[in-house]
Amino acid sequence: MTVKTKLRDIVGAENFSDDPKILEIYSTDFSLVPAGVPNYLVKPKTSQEVQKVIQLANKNRLPVVPTSSLVHFNGAAIPKQGGVVVDLTRMNRILEVDEFNRRVRMEAGVTWEKATKELAKKGYRLMMPLSPHAMRSVVIDHLEREVITNTVYDYGEPMQSMEVVWPTGEIFRTGSASVTGYPDSPSKGANPSGPGLDFYRLLQGAQGTMGIVTWANLKIEYLPTIDKVLFAPVGDLGYTIDFLHRILKVRIGQECLLLDNTDLAALAADSWPEDFEELRATLPPWTLILVISGMARRPEEKLKYEENILEEVIKNEFSEIQLDNNLPGFPGMGRKLLPLLRQPWPKKTTYWKQRYLGGCQSLFFITRPGMAPSFIDLMEEVAAQYGYPVDDIGAYVQPIEHNRACQVQFDIFYDPTSEVDVELVRSLYRDACGVLASEGALFTRPYGELADMVYENATGYATALKRVKKVFDPNNIMNPGTLCY
Amino acid sequence: MLKGKVSLDVTNLDNFEYDMSKCIKCKGCYWVDHIYMSGMDFSTRCPSATRYMFDSYGAYGKMRIGLAVLEGRMEYSDELLKTLYACTLCGACDVGCKRNLDLEIELSLEALRIKAVKDGKGPMPEHKKAAKKITEKHNRFGSPHQNRNKWLTKDIKVAKKADVLYFVGCSAAYANPEIARATAKILNAAGTPFMLMDDEWCCGNMLYSVGMIDEARKLAKRNLEAVRKTGAKTLLVSCAEGYRTWKVDYPKMLNISTDDLGFKVVHLTELVDELIKQEALKLTKPIDMRLTYHDSCSLSRLSEPWTPWKGERGKWGMVSPGLERRRGSNGVYQQPRDILKAIPGVELVEMVRMKENAFCCGAGRGTQEAFPDFAAWAAEQRLFEAKTVGAEAIVATCPWCKDNFARVVKQNGEDLKIYDISELILAAIEG
Amino acid sequence: MAISKETYKVLETIVGEEYISSDPVVCEGYRSGPGGYEAGLGYERVMTKIPGCVILPLTTEEVQKIVRACNRYKIPYVPYSTGWYGPRSHCHVDDELLIDLKRMDDFEIDEKHLYAVVGSGVIYSQLQEEAMKRGCYIIVGGGGSQCSAIANMLGDGWSPLSYRIGLPHRRILGTELILPDGELVKMGSLAVQDDPFWGDGFGPDLRGLLRGFTGLRGCMGIVTKMAIKLLPFQPERLKPTGISPHTALELPTNRVKWINFTMPSKEAMKDAMFEMARAEIGAGATKVPIFWRAIAKASCKEEYWDIWSKESEETISGFHLLRVLLVGFGSEEQLEYEERVLNDIITELGGEARRTRPTDESWFKNADSAGMWLMCGGYVSVDYVIETLEHALPHGENYAELKKKFTPPLMPDYGDPGWFQSFELGHQGYSEFLVYWDPDENTDGVDHFYLETSKENIRKRFYTSLLGPHQPLYLTGPAYGPNYHKWLLAVKDEFDPNFLSHPPVPLAHDVFVEKADWMRPMKDWKSPKLP
């Protein structure tokens with residue numbers, strides 16, 4: 001029996017393909033990572049099917065490239081050395097909503113759209129990055145450490161335990177889901193750590209190189225009872241960041257983020273291109289968005305004390321901050337933005353990053369918040385060297401955990417149908433990453449060719465990673481050619 | 001003895017087998033009480049462990065070593081003797097442990113030294129030399145015994161008979177006459193008649209402290225009889241080491257309680273504090289100084305009265321009859337501070353490690369004699385701490401502390417002033 | 001083989017002669033027992049040894065050189081920060097080198113970016129005080145203020161304050177780890193720059209090698225430096241008051257307040273925790289075990305027993321005390337708001353506030369933890385599990401039943417089903433079982449109980465702290481994952497091919513069961529030949 005036959009047997013003929021037209025869909029994504037064609041496609045329904053695929057791949061030294069959705073922006077799921085793409089979109093069940101412990105267990109193929117809708121019905125929400133694509137995988141976005149817009153929860157990351165099929169073909173549960181017979185157990189899977197090693201850490205940021213995660217437990221939070229979206233036009237970004245150092249430490253607010261005019265226009269524009277152009281031209285250079293909320297009990301009182309704190313701080317320490325319910329000149333902005341912060345981008349509308357020119361290369365990194373303005377200046381310098389209009393680069397600063405750090409993100413908009421533009425953006429992106437990294441920007445999620453740059457500067461780390469990889473994936477079948485593998 | 005008959009008799013190390021075997025290595029004996037922990041600086045209160053670093057130098061190590069000695073698993077060596085004797089027996093470990101537990105750390109350490117001497121291995125050669133001086137000249141300096149009262153000046157009135165007997169002590173008599181004089185003049189100024197002993201001998205602090213209990217007991221008996229003969233109701237001291245020796249170690253050696261001595265043992269600061277509060281003494285002359293107070297160990301955490309105890313230890317380690325342990329809570333902490341605050345012009349600033357958390361000056365209980373470098377090192381630590389709080393002067397209640405601080409200040413050419421509290425009290429009376 | 005003169009010389013050259021010793025007196029000072037955490041039990045008696053040599057390095061570089069020398073000369077070694085964890089932190093084989101890290105007490109703090117960088121010799125009370133001076137705070141793990149912050153962050157790291165702050169794993173930022181073979185791995189932002197403020201790796205996160213759930217006891221290398229995340233606190237001072245033994249932090253009750261509530265039932269306590277989490281109020285929420293109150297009241301062991309002997313199954317089962325911490329992080333008004341909400345919840349559930357001292361003896365500085373030994377002289381937390389409240393409560397009840405079978409030698413606790421708390425605003429729950437015994441009596445029963453706990457957790461499908469090196473690996477391994485032990489041993493093998501880092505951990509408990517006569521009959525699982 002050939003590999004092809006065996007694969008077909010495992011998942012069923014209707015869930016297998018080696019048709020070049022089908023395979024081509026998996027050979028590219030919305031990133032600038034060069035195309036790579038797989039040899040096969042399988043769409044398993046169960047962990048056992050995934051397991052059998054991996055066992056077969058191991059026997060035959062066949063690369064395995066997992067993908068949980070068909071929407072990718074970073075190139076991680078593009079096969080670099082052929083092999084079989086394992087498409088997990090059929091594994092799209094929400095397995096449990098555990099209301100007492102505020103936990104949801106879902107398969108890797110569950111989308112933001114599905115998850116958000118189901119949870120909202122019961123009064124819950126997921127912590128989200130900024131307006132994710134409706135059809136992206138929730139589990140994978142968290143596994144890949146997408147930075148969330150909510151800064152208020154001290155305990156941080158939402159991931160708990162998960163199930164993984166190791167590259168050697170064993171099905172394994174991490175954390176407290178590792179008990180025999182889970183979920184038929186008193187253990188609910190709420191503890192991500194252990195057993196023995198913190199396997200979940202080895203799987204995070206791994207871009208599918210350490211195994212295939214089939215389901216995960218995630219924390220869910222209550223939908224607030226009342227919300228107020230506050231805005232402040234930002235003149236001096238550094239000053240505003242200092243303000244955030246002050247107020248985020250006292251745990252005010254739910255979502256808190258800074259958007260430049262381009263990115264905010266891309267999110268908020270109704271009609272294209274007129275509305276976008278006008279917004280981009282008239283919005284302040286930067287806008288602070290802060291959502292304060294009342295929760296289950298005495299919600300108005302909570303809002304009141306938070307507003308009082310804000311008032312005092314602004315009056316006594318940050319008098320230049322003009323925080324208000326409205327963004328002056330832009331009525332209804334709060335009403336527009338709040339759903340964007342609580343739900344994925346509407347499926348029916350072109351994704352906000354693609355509305356402007358069709359393509360968008362996001363460049364993101366972690367840094368200390370006070371350094372954000374200098375990185376923004378640096379990016380503008382690099383763009384200028386390439387003659388790239390600064391207005392075509394959106395910028396977003398996401399405070400993290402009481403503003404102890406932040407993610408800075410540049411959205412480089414471009415026309416993907418223009419080869420010239422594509423090459424220009426590719427070079428600009430590469431050079432900008434190099435310049436920013438040399439000034440201390442941390443590219444902790446090194447996608448595509450960024451990985452080479454990152455690991456060249458982190459050789460000790462890369463060596464240790466390879467040693468760990470060798471243990472779990474001795475035949476290097478999982479997404480080879482990715483990261484430092 | 002883990003279960004069965006047990007007592008607080010330090011001449012038998014077996015009495016402390018339970019205590020030594022139950023040390024949990026929490027290092028409450030080493031760290032400042034965590035409630036009072038002030039951060040990265042000045043965070044320890046055991047000079048030995050801080051200086052020598054190996055666990056063997058902290059009580060957590062010494063308890064394990066002590067158990068090995070008791071069980072015959074440990075041979076005597078230079079290192080063992082250094083472990084036992086490079087230690088001021090300052091009581092920080094005892095008080096630190098007793099914050100949470102019922103273990104007798106200090107007594108275990110004393111018992112270990114007594115055993116070392118009984119086994120013919122201790123004390124250190126320097127202690128033996130000093131012991132010889134005490135035996136021959138009745139003072140630890142080996143100075144002529146007949147000069148013991150040379151500190152007296154004509155202007156000091158000494159009564160033939162009084163309720164208060166001022167026990168001067170070797171240090172004040174020979175090395176720090178300013179303390180003796182100041183004390184005597186304070187008593188005069190307060191209208192408190194006092195007498196001196198006809199023939200004052202060393203209290204035996206060092207002898208007891210290094211484990212020479214037979215010699216110490218002999219001296220204690222002699223001294224006790226001599227004091228009782230005077231009919232004194234109060235034995236006044238101006239030396240913290242002497243205070244502890246009389247109040248705690250004498251009863252301990254003689255298997256009586258402090259109350260059974262027949263007189264009260266009182267430190268100058270206790271008396272002066274009372275006199276000030278009764279308005280029998282007024283401190284009116286200003287001393288414009290920013291100073292800090294050093295809690296001498298033997299006046300503070302080691303100073304609670306002694307009651308002998310014997311009984312049984314049973315299940316769960318419980319003892320019967322009940323035993324009220326000496327945890328350092330009732331030391332003389334506040335009185336010296338109140339005195340200093342009563343002096344006009346004094347700005348009293350506290351060091352980080354104060355009261356039961358104080359860091360020993362390094363001199364006491366045999367350390368100065370056998371490990372002078374260690375004593376100097378400990379003093380340096382404490383003086384640095386004083387300077388950190390901006391103190392111009394450091395005040396102690398013990399000539400051992402004063403001497404050790406003064407020696408280091410001179411050696412290092414520093415400008416921090418060192419006082420005994422008696423000097424400041426006198427200055428505030430006389431000007 | 002004993003550490004040879006030549007090897008000793010090599011090691012001495014690294015640290016200087018003052019900081020190394022193989023003197024028997026010095027080494028005896030590093031004996032594990034007989035007192036201590038988990039001490040006096042079979043594991044400690046059978047598995048621990050005094051070191052053959054003790055060395056005190058100062059820097060990461062020195063530690064690396066030492067580990068490399070150990071690999072060259074095949075010297076087994078164990079890293080040791082304070083030795084507080086008990087036998088599992090001490091030497092297990094003859095002629096082992098004990099690497100005492102207490103000199104590594106470097107400290108830096110960045111309150112704006114909410115982290116402190118510490119060496120292995122820094123303890124929690126130091127860190128907490130430096131944090132509080134700057135308007136921040138940390139969790140001082142249950143082991144107490146005397147724990148090395150790094151060591152506790154690698155194996156424990158929770159307290160009632162985890163209700164808000166959450167798991168320690170996320171508070172480990174840039175870290176330096178010397179692997180067992182002597183390679184240095186810098187994690188987080190330290191991998192590329194001198195700044196340790198960020199913890200996530202580049203791609204996969206190698207912090208996964210550091211701890212598992214409850215730590216690897218130093219068998220996977222030595223952490224020499226760690227940046228620990230701080231959390232923002234409130235500005236008023238918690239003032240230390242009192243004289244030993246009655247010292248406590250006086251709380252500024254307009255901003256920080258503990259409140260005790262008697263609740264009508266255990267269910268009501270659980271519901272209160274649930275409602276608090278739903279309302280997103282509070283900074284700590286825990287059940288108070290009644291014998292802790294007896295310890296707090298007692299001035300000595302005898303008084304404790306006097307108080308405790310008056311309790312019974314009835315009084316225990318009827319005692320439900322919930323202790324809640326409120327912190328006005330942002331303002332007094334915030335604390336007042338939270339107190340109103342809390343009172344709403346308690347009233348709805350039929351609870352009642354009790355007079356509560358405006359002080360903290362325990363959790364901010366956790367100065368009380370050594371008091372756990374007051375009662376009997378022997379103590380261990382047998383199982384301490386972070387899962388959910390729904391796991392915590394049946395875990396407790398199940399455990400209480402099992403404990404009865406082993407009482408005596410365990411201290412009578414009248415069926416107390418342990419301690420539980422809410423973590424991460426209700427996303428998790430915590431249960432812990434503390435057991436006590438007289439170490440001067442036969443303690444075989446305690447050893448049996450420990451292993452039986454592990455088996456019971458497996459039978460009943462509870463998650464457990466008794467993983468990795470804590471209980472026989474070949475017993476727990478197949479039951480969790482499954483076969484987590486296979487990966488743990490494979491990773492161990494990769495990084496410690498000479499098996500020198502704290503041997504025979506993580507198989508030490510397996511070896512103990514084989515070696516101890518009274519344990520061998522309990523072995524009903526398969527294992528290969530052990531080291």
# chains A, B, ... in the order shown; residues from 1 in each chain; ligands from 1
>>> select_by_dssp(residues="range 124-230 of chain C", states="strand (DSSP E or B)", output="PyMOL selection string")
chain C and resi 136-137+148+172-178+184-187+222-229
>>> write_last_selection(atoms="C-alpha atoms", output="PDB file, in the first residue's frame")
ATOM      1  CA  CYS C 136       4.310  46.455  44.304  1.00  0.00           C
ATOM      2  CA  TYR C 137       3.852  43.033  45.827  1.00  0.00           C
ATOM      3  CA  SER C 148      14.671  31.221  48.080  1.00  0.00           C
ATOM      4  CA  ILE C 172       9.016  33.723  35.604  1.00  0.00           C
ATOM      5  CA  LEU C 173      10.580  36.186  33.167  1.00  0.00           C
ATOM      6  CA  GLY C 174      14.120  36.273  31.774  1.00  0.00           C
ATOM      7  CA  THR C 175      16.033  33.400  33.348  1.00  0.00           C
ATOM      8  CA  GLU C 176      19.492  31.875  33.264  1.00  0.00           C
ATOM      9  CA  LEU C 177      19.685  28.114  33.481  1.00  0.00           C
ATOM     10  CA  ILE C 178      22.860  26.089  33.595  1.00  0.00           C
ATOM     11  CA  LEU C 184      24.152  27.958  29.750  1.00  0.00           C
ATOM     12  CA  VAL C 185      20.697  28.728  28.367  1.00  0.00           C
ATOM     13  CA  LYS C 186      19.304  32.205  28.698  1.00  0.00           C
ATOM     14  CA  MET C 187      15.549  32.350  28.429  1.00  0.00           C
ATOM     15  CA  ILE C 222      20.674  25.148  38.087  1.00  0.00           C
ATOM     16  CA  VAL C 223      18.862  28.454  37.773  1.00  0.00           C
ATOM     17  CA  THR C 224      21.266  31.201  38.765  1.00  0.00           C
ATOM     18  CA  LYS C 225      19.275  34.273  37.881  1.00  0.00           C
ATOM     19  CA  MET C 226      15.627  34.991  37.355  1.00  0.00           C
ATOM     20  CA  ALA C 227      13.523  38.029  36.681  1.00  0.00           C
ATOM     21  CA  ILE C 228      10.310  37.684  38.649  1.00  0.00           C
ATOM     22  CA  LYS C 229       7.194  39.571  37.749  1.00  0.00           C
TER      23      LYS C 229
END
>>> residues_around(residues="Gly83 in chain A", least_positions_apart="5", cutoff="9 Å", atoms="only C-alpha atoms", output="PyMOL selection string")
chain A and resi 37-41+57+61-65+477+479
>>> atom_distance(atom1="CA of Gly35 in chain C", atom2="CA of Gly39 in chain B")
28.2 Å
>>> closest_atom_pairs(of="chain A", to="chain C", cutoff="6 Å", atoms="only C-alpha atoms", output="tab-separated table")
residue	atom	partner	partner_atom	distance
A:Asn101	CA	C:His427	CA	4.9
A:Arg102	CA	C:His427	CA	5.8
A:Asp154	CA	C:Ile165	CA	5.0
A:Tyr155	CA	C:Gly166	CA	4.5
A:Phe172	CA	C:Gly481	CA	5.0
A:Arg173	CA	C:Gly481	CA	5.0
A:Ser176	CA	C:Tyr463	CA	5.6
A:Ser178	CA	C:Gly481	CA	4.3
A:Val179	CA	C:Tyr480	CA	5.0
A:Thr180	CA	C:Ala479	CA	5.8
A:Ser185	CA	C:Arg461	CA	5.5
A:Pro186	CA	C:His391	CA	5.2
A:Ser187	CA	C:His391	CA	5.7
A:Ala190	CA	C:Glu387	CA	5.4
A:Asn191	CA	C:Glu387	CA	5.3
A:Ser193	CA	C:Phe213	CA	4.9
A:Gly194	CA	C:Gly212	CA	4.0
A:Pro195	CA	C:Gly212	CA	5.6
A:Gly196	CA	C:Gly212	CA	4.6
A:Leu197	CA	C:Gly212	CA	3.7
A:Asp198	CA	C:Gly208	CA	4.3
A:Phe199	CA	C:Gly208	CA	5.9
A:Arg201	CA	C:Gly208	CA	4.7
A:Leu202	CA	C:Pro204	CA	5.0
A:Gln204	CA	C:Pro204	CA	5.4
A:Gly205	CA	C:Gly203	CA	4.4
A:Ala206	CA	C:Pro204	CA	4.7
A:Lys249	CA	C:Pro232	CA	5.5
A:Val250	CA	C:Gly330	CA	4.6
A:Met295	CA	C:Ala279	CA	6.0
A:Ala296	CA	C:Ala279	CA	5.2
A:Arg297	CA	C:Ala279	CA	5.7
A:Arg404	CA	C:His113	CA	4.2
A:Thr444	CA	C:Phe202	CA	4.2
A:Arg445	CA	C:Gly203	CA	5.3
A:Asn457	CA	C:Val192	CA	5.9
A:Ala458	CA	C:Val192	CA	5.4
A:Gly460	CA	C:Val185	CA	5.9
A:Tyr461	CA	C:Val185	CA	5.9
>>> closest_atom_pairs(of="chain C", to="chain B", cutoff="6 Å", atoms="only C-alpha atoms", output="tab-separated table")
residue	atom	partner	partner_atom	distance
C:Val25	CA	B:Leu80	CA	6.0
C:Val26	CA	B:Ser56	CA	5.2
C:Glu28	CA	B:Ile65	CA	5.9
C:Gly29	CA	B:Gly61	CA	3.9
C:Pro34	CA	B:Ser21	CA	5.5
C:Gly35	CA	B:Lys22	CA	4.3
C:Gly36	CA	B:Ile24	CA	3.5
C:Trp84	CA	B:Lys25	CA	5.8
C:Ser125	CA	B:His34	CA	5.8
C:Gln126	CA	B:Gly39	CA	4.2
C:Glu129	CA	B:Gly39	CA	5.1
C:Glu130	CA	B:Gly39	CA	5.1
C:Pro240	CA	B:Tyr36	CA	5.7
C:Ile243	CA	B:Ser329	CA	5.8
C:Ser244	CA	B:Arg99	CA	5.6
C:Pro245	CA	B:Arg99	CA	4.0
C:Glu302	CA	B:Met318	CA	5.8
C:Ala367	CA	B:His34	CA	5.4
C:Ala370	CA	B:Asn100	CA	5.8
C:Gly371	CA	B:Asn100	CA	4.7
C:Leu374	CA	B:Leu101	CA	5.3
C:Cys376	CA	B:Trp316	CA	4.6
C:Asp438	CA	B:Trp316	CA	5.1
>>> write_last_selection(atoms="N, CA and C atoms", output="compact mmCIF listing (two decimals), in the first residue's frame")
# COMPACT_ATOMS: atom_id res chain seq x y z
N VAL C 25 33.03 18.49 59.61
CA VAL C 25 32.15 19.34 60.43
C VAL C 25 31.28 20.20 59.52
N VAL C 26 31.91 20.80 58.53
CA VAL C 26 31.16 21.63 57.58
C VAL C 26 30.10 20.79 56.88
N GLU C 28 28.71 18.01 57.84
CA GLU C 28 27.66 17.59 58.77
C GLU C 28 26.61 18.68 58.90
N GLY C 29 27.06 19.92 58.83
CA GLY C 29 26.12 21.05 58.93
C GLY C 29 25.10 21.06 57.81
N PRO C 34 17.75 15.38 61.25
CA PRO C 34 16.47 14.69 61.24
C PRO C 34 15.23 15.58 61.25
N GLY C 35 15.42 16.90 61.48
CA GLY C 35 14.26 17.79 61.48
C GLY C 35 14.11 18.49 60.16
N GLY C 36 12.91 18.92 59.86
CA GLY C 36 12.70 19.68 58.64
C GLY C 36 11.47 19.25 57.88
N TRP C 84 15.71 24.39 52.49
CA TRP C 84 14.48 24.42 53.26
C TRP C 84 13.50 23.34 52.84
N SER C 125 11.16 37.26 51.73
CA SER C 125 10.83 38.45 52.54
C SER C 125 11.66 39.64 52.08
N GLN C 126 12.87 39.38 51.62
CA GLN C 126 13.67 40.47 51.08
C GLN C 126 12.99 41.05 49.84
N GLU C 129 9.65 42.90 50.61
CA GLU C 129 9.83 44.22 51.21
C GLU C 129 10.30 45.23 50.18
N GLU C 130 11.25 44.82 49.34
CA GLU C 130 11.72 45.74 48.30
C GLU C 130 10.58 46.08 47.34
N PRO C 240 5.39 47.00 60.24
CA PRO C 240 5.71 45.90 61.15
C PRO C 240 5.51 46.35 62.60
N ILE C 243 6.67 42.60 69.20
CA ILE C 243 7.96 41.99 69.56
C ILE C 243 7.78 40.48 69.47
N SER C 244 8.81 39.80 69.03
CA SER C 244 8.77 38.36 68.91
C SER C 244 8.26 37.71 70.21
N PRO C 245 7.41 36.69 70.16
CA PRO C 245 6.91 36.03 68.96
C PRO C 245 5.67 36.64 68.33
N GLU C 302 2.11 22.85 74.08
CA GLU C 302 1.19 22.25 75.04
C GLU C 302 -0.17 22.95 75.01
N ALA C 367 5.46 34.97 57.64
CA ALA C 367 6.47 34.73 58.66
C ALA C 367 6.10 33.54 59.54
N ALA C 370 6.88 28.49 59.63
CA ALA C 370 7.61 27.54 60.49
C ALA C 370 6.72 27.01 61.61
N GLY C 371 5.64 27.72 61.90
CA GLY C 371 4.72 27.27 62.94
C GLY C 371 4.06 25.94 62.63
N LEU C 374 5.07 23.28 64.98
CA LEU C 374 4.88 23.45 66.41
C LEU C 374 4.17 22.26 67.02
N CYS C 376 3.71 18.96 66.28
CA CYS C 376 4.22 17.59 66.43
C CYS C 376 5.70 17.44 66.15
N ASP C 438 4.50 12.52 64.87
CA ASP C 438 5.60 12.61 65.83
C ASP C 438 6.80 11.88 65.23
>>> select_by_dssp(residues="range 147-388 of chain B", states="alpha helix (DSSP H)", output="PyMOL selection string")
chain B and resi 170+177-189+205-210+213-230+240-244+250-254+268-277+334-342+367-370+372-388
>>> residues_around(residues="Cys87 in chain B", least_positions_apart="3", cutoff="9 Å", atoms="only C-alpha atoms", output="PyMOL selection string")
chain B and resi 46-49+57+82-84+90+362+364-367+371+374
>>> residues_around(residues="Glu255 in chain A", least_positions_apart="3", cutoff="7 Å", atoms="only C-alpha atoms", output="list in words")
Thr149, Asn150, Thr151, Leu290 and Val291 of chain A
>>> residues_around(residues="range 400-417 of chain B", least_positions_apart="4", cutoff="8 Å", atoms="only C-alpha atoms", output="compact mmCIF listing (two decimals) with N, CA and C atoms, in the first residue's frame")
# COMPACT_ATOMS: atom_id res chain seq x y z
N SER B 171 35.14 45.25 83.17
CA SER B 171 35.33 46.19 82.05
C SER B 171 35.29 47.62 82.54
N CYS B 239 26.67 46.95 82.92
CA CYS B 239 27.24 46.13 81.86
C CYS B 239 26.20 45.08 81.49
N GLU B 241 26.51 42.34 79.75
CA GLU B 241 27.01 40.97 79.91
C GLU B 241 26.92 40.57 81.39
N SER B 296 22.18 45.96 73.15
CA SER B 296 23.15 44.94 73.58
C SER B 296 22.39 43.66 73.87
N CYS B 361 27.26 43.07 68.45
CA CYS B 361 28.50 43.84 68.20
C CYS B 361 29.67 42.93 67.91
N GLY B 362 29.59 41.69 68.34
CA GLY B 362 30.63 40.72 68.00
C GLY B 362 31.60 40.39 69.12
N ALA B 363 31.48 41.10 70.25
CA ALA B 363 32.54 40.96 71.24
C ALA B 363 32.29 39.90 72.31
N GLY B 364 31.01 39.67 72.59
CA GLY B 364 30.70 38.97 73.82
C GLY B 364 31.00 37.48 73.87
N ALA B 375 35.20 39.45 65.67
CA ALA B 375 34.58 40.48 66.50
C ALA B 375 34.66 41.84 65.80
N ALA B 376 35.80 42.12 65.21
CA ALA B 376 35.97 43.40 64.52
C ALA B 376 35.06 43.47 63.30
N ALA B 379 31.52 44.18 64.37
CA ALA B 379 31.38 45.59 64.75
C ALA B 379 31.32 46.48 63.52
N GLU B 380 32.13 46.17 62.54
CA GLU B 380 32.12 46.95 61.29
C GLU B 380 30.76 46.91 60.63
N LEU B 383 28.44 49.16 62.68
CA LEU B 383 28.77 50.58 62.53
C LEU B 383 28.34 51.08 61.16
N LYS B 387 25.78 54.17 60.32
CA LYS B 387 26.05 55.29 59.41
C LYS B 387 24.96 55.38 58.34
N ALA B 391 23.44 58.35 61.54
CA ALA B 391 23.75 58.61 62.95
C ALA B 391 25.15 59.20 63.08
N GLU B 392 25.26 60.15 63.99
CA GLU B 392 26.59 60.69 64.31
C GLU B 392 27.23 59.87 65.41
N ALA B 393 26.39 59.20 66.16
CA ALA B 393 26.91 58.44 67.30
C ALA B 393 26.09 57.18 67.49
N ILE B 394 26.73 56.19 68.11
CA ILE B 394 26.02 54.96 68.45
C ILE B 394 26.13 54.79 69.96
N VAL B 395 25.03 54.44 70.56
CA VAL B 395 24.97 54.33 72.02
C VAL B 395 24.66 52.89 72.40
N ALA B 396 25.45 52.36 73.35
CA ALA B 396 25.19 50.99 73.80
C ALA B 396 25.03 51.01 75.32
